[in-house]
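Single-structure report; data block below.
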Amino acid sequence: MIRLPNESYGGAAVKAIRVFNNNAVSAVMPDGREAIVLGKGIGFHKRPGDTVEERCIEKVYYVQDEMQTKFLQMLQNVEPNVMRAAEQILAMAEDDGFSMSNQATISLIDHISFAIDRQKKGIALPNLLLNETQLLYQKEYELGRRSLKIIENCCGVELPEDEAGYIALHLVAISVDRNAAYGFLKFVKGALDIVKETYSIPFDQNGLDAVRLTTHLKFLMQRIEQEGPWEDEEEDPMYDQLLSRDPRHKVCLDRMEEFIRQSTGCTIGNQEKFYILIHLTKLLKRGE
């Protein structure tokens, strides 16, 4: 996926293929490539085959085939203001030297959308790594804080400081060295194999729920490497309720706990198990 600034098309027509909403359209560009074009009112009263007015185009996304499905999934649910906020955050991060990959871009947009949704519903998600993020990743955390102001300006939602830490961790995740990245991949693959074997459900490793679980496991690996063993936390009151919904949940968590112990020499606490269980519950619901 390539993000481009406004450009002139020399009078050549941009033809709509699919209209997602008033502000997002899939279109054929003058060079024959398919792209997602964004802009206020760009899809209003448009139908496939209609010409998209150049003056309405604010952003152009050329989407690679392997990323197209996930990106189009997000367009169905993400508000234009969220996309605008993400664009400004990505530009800010790139100005500070971060190179945002396709997957990192999609992951960040997805996270911002769900963070806003949680805030509107009054659902708090405490950041267990906030203090460590502030200490170890000062540059990324400062970008996270600036991102909260961008989100507030674009979307009218004031997110808590915890979210500055979560955004910082997205930036950390794309800047690890190759050896660390390999370790993350090996760790995540082992954990996901346990999930697939335990539940025996169709598992789309590129689906949004799987991507969220994968991201969480990467952050868990980082925490283990940076902190080593940690004290057990108080169990969330919803933990037993979620656990009892399916007997396979306990089997999966026990297997993952043993895998983590063998892989890292560390055990995970009750709060971490609860977060993993939330991801498993969503994944199972989607798979069945």
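In the structure tokens, chains take the letters A, B, ... in the order shown, each chain's residues start at 1, and ligands count up from 1 in the order shown.
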Could you name the residues that touch segment 109-111 of chain A at 9 Å or less, counting only C-alpha atoms, but leaving out those on the same chain fewer than 2 positions away, as a CSV table (one decimal) with N, CA and C atoms, in the first residue's frame?
chain,number,residue,atom,x,y,z
A,74,MET,N,-11.4,-3.0,6.7
A,74,MET,CA,-11.4,-1.9,7.6
A,74,MET,C,-12.2,-0.7,7.0
A,78,VAL,N,-14.3,1.7,9.5
A,78,VAL,CA,-13.6,2.8,10.0
A,78,VAL,C,-14.1,4.1,9.5
A,82,VAL,N,-11.2,8.8,11.5
A,82,VAL,CA,-10.1,7.9,12.0
A,82,VAL,C,-9.0,7.8,11.0
A,83,MET,N,-9.4,7.6,9.8
A,83,MET,CA,-8.4,7.5,8.7
A,83,MET,C,-7.6,8.8,8.6
A,85,ALA,N,-6.9,10.9,11.1
A,85,ALA,CA,-6.0,10.9,12.2
A,85,ALA,C,-4.9,10.0,12.0
A,86,ALA,N,-5.1,8.8,11.5
A,86,ALA,CA,-4.0,7.8,11.3
A,86,ALA,C,-3.1,8.4,10.2
A,87,GLU,N,-3.6,9.0,9.2
A,87,GLU,CA,-2.7,9.6,8.2
A,87,GLU,C,-1.7,10.6,8.8
A,104,ALA,N,2.0,-2.7,9.4
A,104,ALA,CA,2.0,-1.7,10.5
A,104,ALA,C,1.0,-0.6,10.3
A,105,THR,N,0.8,-0.2,9.1
A,105,THR,CA,-0.2,0.9,8.8
A,105,THR,C,-1.6,0.4,9.1
A,106,ILE,N,-1.9,-0.8,8.6
A,106,ILE,CA,-3.3,-1.4,8.9
A,106,ILE,C,-3.5,-1.6,10.4
A,107,SER,N,-2.5,-2.1,11.1
A,107,SER,CA,-2.6,-2.4,12.5
A,107,SER,C,-2.8,-1.2,13.3
A,113,SER,N,-9.1,2.9,15.7
A,113,SER,CA,-10.6,2.7,15.6
A,113,SER,C,-11.2,2.0,16.8
A,114,PHE,N,-10.5,0.9,17.3
A,114,PHE,CA,-11.1,0.2,18.4
A,114,PHE,C,-10.8,1.0,19.7
A,115,ALA,N,-9.8,1.7,19.8
A,115,ALA,CA,-9.5,2.5,21.0
A,115,ALA,C,-10.6,3.6,21.2
A,116,ILE,N,-11.0,4.2,20.1
A,116,ILE,CA,-12.1,5.2,20.1
A,116,ILE,C,-13.4,4.5,20.5
A,166,TYR,N,0.2,2.4,24.1
A,166,TYR,CA,-0.1,1.3,23.1
A,166,TYR,C,0.4,1.8,21.7
A,167,ILE,N,0.2,3.0,21.3
A,167,ILE,CA,0.6,3.5,20.0
A,167,ILE,C,2.2,3.5,20.0
A,208,LEU,N,-8.4,-10.0,10.9
A,208,LEU,CA,-8.1,-9.0,11.8
A,208,LEU,C,-8.0,-9.5,13.3
A,212,ARG,N,-4.7,-9.2,15.6
A,212,ARG,CA,-4.7,-8.6,17.0
A,212,ARG,C,-4.0,-9.5,18.0
Point to revise | Selected residue of minimal separation from Ile112 of chain A among A:Gly144, A:Pro247, A:Pro126, A:Gly32, counting only C-alpha atoms | key: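 Counting only C-alpha atoms, the residue closest to Ile112 of chain A is A:Gly144.
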Check your understanding: Could you pull the residues within 10 Å of Val19 of chain A, counting only C-alpha atoms, minus those fewer than 3 positions along the same chain, as a list in words?
Key ->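 What passes the distance filter is Ala16, Asn22, Asn23, Ala24, Val25, Ser26, Ala27, Ile36, Ile42, Gly43, Phe44, His45, Lys46, Arg47 and Pro48 of chain A.
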Go ahead and save the residues from that selection, with N, CA and C atoms, as a PDB file, in the first residue's frame.
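In the end it all went to selection-v9.pdb:
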ATOM      1  N   ALA A  16     -14.951   5.068 -10.729  1.00  0.00           N
ATOM      2  CA  ALA A  16     -15.343   4.344  -9.526  1.00  0.00           C
ATOM      3  C   ALA A  16     -15.624   2.877  -9.847  1.00  0.00           C
ATOM      4  N   ASN A  22     -19.586   7.764   1.762  1.00  0.00           N
ATOM      5  CA  ASN A  22     -19.474   9.088   1.138  1.00  0.00           C
ATOM      6  C   ASN A  22     -18.042   9.572   0.995  1.00  0.00           C
ATOM      7  N   ASN A  23     -17.113   8.927   1.725  1.00  0.00           N
ATOM      8  CA  ASN A  23     -15.741   9.432   1.764  1.00  0.00           C
ATOM      9  C   ASN A  23     -14.690   8.440   1.274  1.00  0.00           C
ATOM     10  N   ALA A  24     -15.100   7.287   0.774  1.00  0.00           N
ATOM     11  CA  ALA A  24     -14.140   6.273   0.336  1.00  0.00           C
ATOM     12  C   ALA A  24     -14.682   5.508  -0.866  1.00  0.00           C
ATOM     13  N   VAL A  25     -13.852   5.418  -1.922  1.00  0.00           N
ATOM     14  CA  VAL A  25     -14.254   4.763  -3.160  1.00  0.00           C
ATOM     15  C   VAL A  25     -13.089   3.941  -3.690  1.00  0.00           C
ATOM     16  N   SER A  26     -13.400   2.737  -4.179  1.00  0.00           N
ATOM     17  CA  SER A  26     -12.422   1.957  -4.928  1.00  0.00           C
ATOM     18  C   SER A  26     -12.533   2.385  -6.389  1.00  0.00           C
ATOM     19  N   ALA A  27     -11.386   2.680  -7.020  1.00  0.00           N
ATOM     20  CA  ALA A  27     -11.433   3.260  -8.364  1.00  0.00           C
ATOM     21  C   ALA A  27     -10.292   2.754  -9.232  1.00  0.00           C
ATOM     22  N   ILE A  36      -7.624   2.844  -3.739  1.00  0.00           N
ATOM     23  CA  ILE A  36      -8.652   3.372  -2.861  1.00  0.00           C
ATOM     24  C   ILE A  36      -8.421   4.877  -2.771  1.00  0.00           C
ATOM     25  N   ILE A  42     -16.525  12.231  -1.538  1.00  0.00           N
ATOM     26  CA  ILE A  42     -16.060  11.676  -2.814  1.00  0.00           C
ATOM     27  C   ILE A  42     -16.990  10.593  -3.357  1.00  0.00           C
ATOM     28  N   GLY A  43     -17.713   9.904  -2.460  1.00  0.00           N
ATOM     29  CA  GLY A  43     -18.596   8.832  -2.908  1.00  0.00           C
ATOM     30  C   GLY A  43     -20.063   9.195  -2.910  1.00  0.00           C
ATOM     31  N   PHE A  44     -20.384  10.454  -2.624  1.00  0.00           N
ATOM     32  CA  PHE A  44     -21.781  10.876  -2.523  1.00  0.00           C
ATOM     33  C   PHE A  44     -22.501  10.724  -3.867  1.00  0.00           C
ATOM     34  N   HIS A  45     -23.559   9.888  -3.869  1.00  0.00           N
ATOM     35  CA  HIS A  45     -24.377   9.649  -5.070  1.00  0.00           C
ATOM     36  C   HIS A  45     -23.568   9.028  -6.210  1.00  0.00           C
ATOM     37  N   LYS A  46     -22.450   8.387  -5.900  1.00  0.00           N
ATOM     38  CA  LYS A  46     -21.655   7.737  -6.939  1.00  0.00           C
ATOM     39  C   LYS A  46     -22.075   6.283  -7.102  1.00  0.00           C
ATOM     40  N   ARG A  47     -21.918   5.793  -8.334  1.00  0.00           N
ATOM     41  CA  ARG A  47     -22.165   4.392  -8.644  1.00  0.00           C
ATOM     42  C   ARG A  47     -20.974   3.863  -9.441  1.00  0.00           C
ATOM     43  N   PRO A  48     -20.796   2.510  -9.480  1.00  0.00           N
ATOM     44  CA  PRO A  48     -19.707   1.950 -10.282  1.00  0.00           C
ATOM     45  C   PRO A  48     -19.762   2.457 -11.715  1.00  0.00           C
TER      46      PRO A  48
END
Point to revise | Minimum-distance residue to Arg255 of chain A, chosen among A:Lys149, A:His279, A:Lys273, A:Arg18 (using only C-alpha atoms) | key: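 Under the stated criterion, the closest residue is A:Lys273.
Comparing the minimum interatomic distances between Asp50 of chain A and each of A:Ala210, A:Ile17, A:Val37, A:Leu277, counting only C-alpha atoms, we find that A:Ile17 sits nearest.
Atom CA of Leu128 of chain A lies 19.6 Å from atom CA of Val188 of chain A.
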Check your understanding: Using only C-alpha atoms, which residue out of A:Asp96, A:Glu54, A:Asp31, A:Asp193 lies closest to Cys252 of chain A?
Key ->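 Counting only C-alpha atoms, the residue closest to Cys252 of chain A is A:Asp193.
Of the residues listed (A:Arg118, A:Lys15, A:Leu220, A:Leu280), A:Leu280 shows the shortest atom-to-atom separation from Lys196 of chain A; distances use only C-alpha atoms.
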Can you list, as a PDB file with all heavy atoms, in the first residue's frame, every protein, DNA or RNA residue that comes within 9 Å of Thr133 of chain A when you count only C-alpha atoms, leaving out same-chain residues fewer than 4 positions away?
ATOM      1  N   LEU A 129       2.105  -2.126  30.380  1.00  0.00           N
ATOM      2  CA  LEU A 129       3.486  -1.779  30.031  1.00  0.00           C
ATOM      3  C   LEU A 129       3.724  -0.275  29.986  1.00  0.00           C
ATOM      4  O   LEU A 129       4.757   0.166  29.488  1.00  0.00           O
ATOM      5  CB  LEU A 129       3.838  -2.373  28.660  1.00  0.00           C
ATOM      6  CG  LEU A 129       3.807  -3.889  28.532  1.00  0.00           C
ATOM      7  CD1 LEU A 129       4.142  -4.299  27.108  1.00  0.00           C
ATOM      8  CD2 LEU A 129       4.767  -4.540  29.501  1.00  0.00           C
ATOM      9  N   TYR A 137      11.278   3.530  25.966  1.00  0.00           N
ATOM     10  CA  TYR A 137      11.028   3.996  24.605  1.00  0.00           C
ATOM     11  C   TYR A 137      10.499   5.426  24.644  1.00  0.00           C
ATOM     12  O   TYR A 137       9.352   5.711  24.284  1.00  0.00           O
ATOM     13  CB  TYR A 137      10.020   3.073  23.900  1.00  0.00           C
ATOM     14  CG  TYR A 137      10.471   1.638  23.823  1.00  0.00           C
ATOM     15  CD1 TYR A 137       9.859   0.659  24.594  1.00  0.00           C
ATOM     16  CD2 TYR A 137      11.521   1.266  23.000  1.00  0.00           C
ATOM     17  CE1 TYR A 137      10.274  -0.660  24.537  1.00  0.00           C
ATOM     18  CE2 TYR A 137      11.942  -0.045  22.931  1.00  0.00           C
ATOM     19  CZ  TYR A 137      11.312  -1.009  23.703  1.00  0.00           C
ATOM     20  OH  TYR A 137      11.728  -2.306  23.638  1.00  0.00           O
ATOM     21  N   GLN A 138      11.357   6.331  25.075  1.00  0.00           N
ATOM     22  CA  GLN A 138      10.936   7.709  25.290  1.00  0.00           C
ATOM     23  C   GLN A 138      10.513   8.391  23.985  1.00  0.00           C
ATOM     24  O   GLN A 138       9.530   9.129  23.950  1.00  0.00           O
ATOM     25  CB  GLN A 138      12.058   8.496  25.966  1.00  0.00           C
ATOM     26  CG  GLN A 138      12.395   7.984  27.360  1.00  0.00           C
ATOM     27  CD  GLN A 138      13.513   8.773  28.021  1.00  0.00           C
ATOM     28  OE1 GLN A 138      13.934   9.818  27.535  1.00  0.00           O
ATOM     29  NE2 GLN A 138      14.009   8.264  29.130  1.00  0.00           N
ATOM     30  N   GLU A 140       9.363   6.968  21.181  1.00  0.00           N
ATOM     31  CA  GLU A 140       8.109   6.411  20.705  1.00  0.00           C
ATOM     32  C   GLU A 140       6.937   6.855  21.577  1.00  0.00           C
ATOM     33  O   GLU A 140       5.841   7.139  21.076  1.00  0.00           O
ATOM     34  CB  GLU A 140       8.181   4.876  20.690  1.00  0.00           C
ATOM     35  CG  GLU A 140       9.096   4.299  19.628  1.00  0.00           C
ATOM     36  CD  GLU A 140      10.557   4.234  20.071  1.00  0.00           C
ATOM     37  OE1 GLU A 140      10.864   4.778  21.146  1.00  0.00           O
ATOM     38  OE2 GLU A 140      11.371   3.626  19.346  1.00  0.00           O
ATOM     39  N   TYR A 141       7.182   6.930  22.899  1.00  0.00           N
ATOM     40  CA  TYR A 141       6.113   7.340  23.794  1.00  0.00           C
ATOM     41  C   TYR A 141       5.710   8.794  23.547  1.00  0.00           C
ATOM     42  O   TYR A 141       4.520   9.132  23.588  1.00  0.00           O
ATOM     43  CB  TYR A 141       6.526   7.155  25.248  1.00  0.00           C
ATOM     44  CG  TYR A 141       5.457   7.589  26.214  1.00  0.00           C
ATOM     45  CD1 TYR A 141       4.312   6.823  26.389  1.00  0.00           C
ATOM     46  CD2 TYR A 141       5.575   8.780  26.913  1.00  0.00           C
ATOM     47  CE1 TYR A 141       3.307   7.241  27.251  1.00  0.00           C
ATOM     48  CE2 TYR A 141       4.579   9.204  27.779  1.00  0.00           C
ATOM     49  CZ  TYR A 141       3.442   8.423  27.943  1.00  0.00           C
ATOM     50  OH  TYR A 141       2.446   8.847  28.786  1.00  0.00           O
ATOM     51  N   GLY A 165       0.817   4.828  25.261  1.00  0.00           N
ATOM     52  CA  GLY A 165       1.733   3.696  25.381  1.00  0.00           C
ATOM     53  C   GLY A 165       1.482   2.632  24.340  1.00  0.00           C
ATOM     54  O   GLY A 165       2.421   2.062  23.772  1.00  0.00           O
ATOM     55  N   TYR A 166       0.211   2.355  24.068  1.00  0.00           N
ATOM     56  CA  TYR A 166      -0.107   1.344  23.058  1.00  0.00           C
ATOM     57  C   TYR A 166       0.373   1.779  21.667  1.00  0.00           C
ATOM     58  O   TYR A 166       0.919   0.967  20.906  1.00  0.00           O
ATOM     59  CB  TYR A 166      -1.614   1.084  23.021  1.00  0.00           C
ATOM     60  CG  TYR A 166      -2.125   0.248  24.172  1.00  0.00           C
ATOM     61  CD1 TYR A 166      -3.184   0.696  24.948  1.00  0.00           C
ATOM     62  CD2 TYR A 166      -1.564  -0.981  24.477  1.00  0.00           C
ATOM     63  CE1 TYR A 166      -3.665  -0.064  26.008  1.00  0.00           C
ATOM     64  CE2 TYR A 166      -2.029  -1.746  25.525  1.00  0.00           C
ATOM     65  CZ  TYR A 166      -3.086  -1.286  26.290  1.00  0.00           C
ATOM     66  OH  TYR A 166      -3.552  -2.038  27.335  1.00  0.00           O
ATOM     67  N   ALA A 168       2.807   3.824  21.082  1.00  0.00           N
ATOM     68  CA  ALA A 168       4.271   3.739  21.139  1.00  0.00           C
ATOM     69  C   ALA A 168       4.741   2.315  20.869  1.00  0.00           C
ATOM     70  O   ALA A 168       5.728   2.105  20.152  1.00  0.00           O
ATOM     71  CB  ALA A 168       4.775   4.218  22.499  1.00  0.00           C
ATOM     72  N   LEU A 169       4.032   1.326  21.412  1.00  0.00           N
ATOM     73  CA  LEU A 169       4.427  -0.066  21.203  1.00  0.00           C
ATOM     74  C   LEU A 169       4.264  -0.489  19.746  1.00  0.00           C
ATOM     75  O   LEU A 169       5.008  -1.346  19.260  1.00  0.00           O
ATOM     76  CB  LEU A 169       3.619  -0.982  22.119  1.00  0.00           C
ATOM     77  CG  LEU A 169       4.000  -0.934  23.601  1.00  0.00           C
ATOM     78  CD1 LEU A 169       3.102  -1.858  24.417  1.00  0.00           C
ATOM     79  CD2 LEU A 169       5.465  -1.317  23.805  1.00  0.00           C
TER      80      LEU A 169
END
**Study point:** Proximity to Thr51 of chain A - best of A:Ala13, A:Leu284, A:Val157, A:Ile151, only C-alpha atoms
**Key:** A:Ala13
Check your understanding: atom CA of Arg33 of chain A and atom CA of Ile89 of chain A are how many Å apart?
Key ->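 Answer for the atom CA of Arg33 of chain A to atom CA of Ile89 of chain A separation: 26.6 Å.
Atom CA of Gly97 of chain A to atom CA of Arg84 of chain A spans 20.3 Å [interatomic distance, one decimal].
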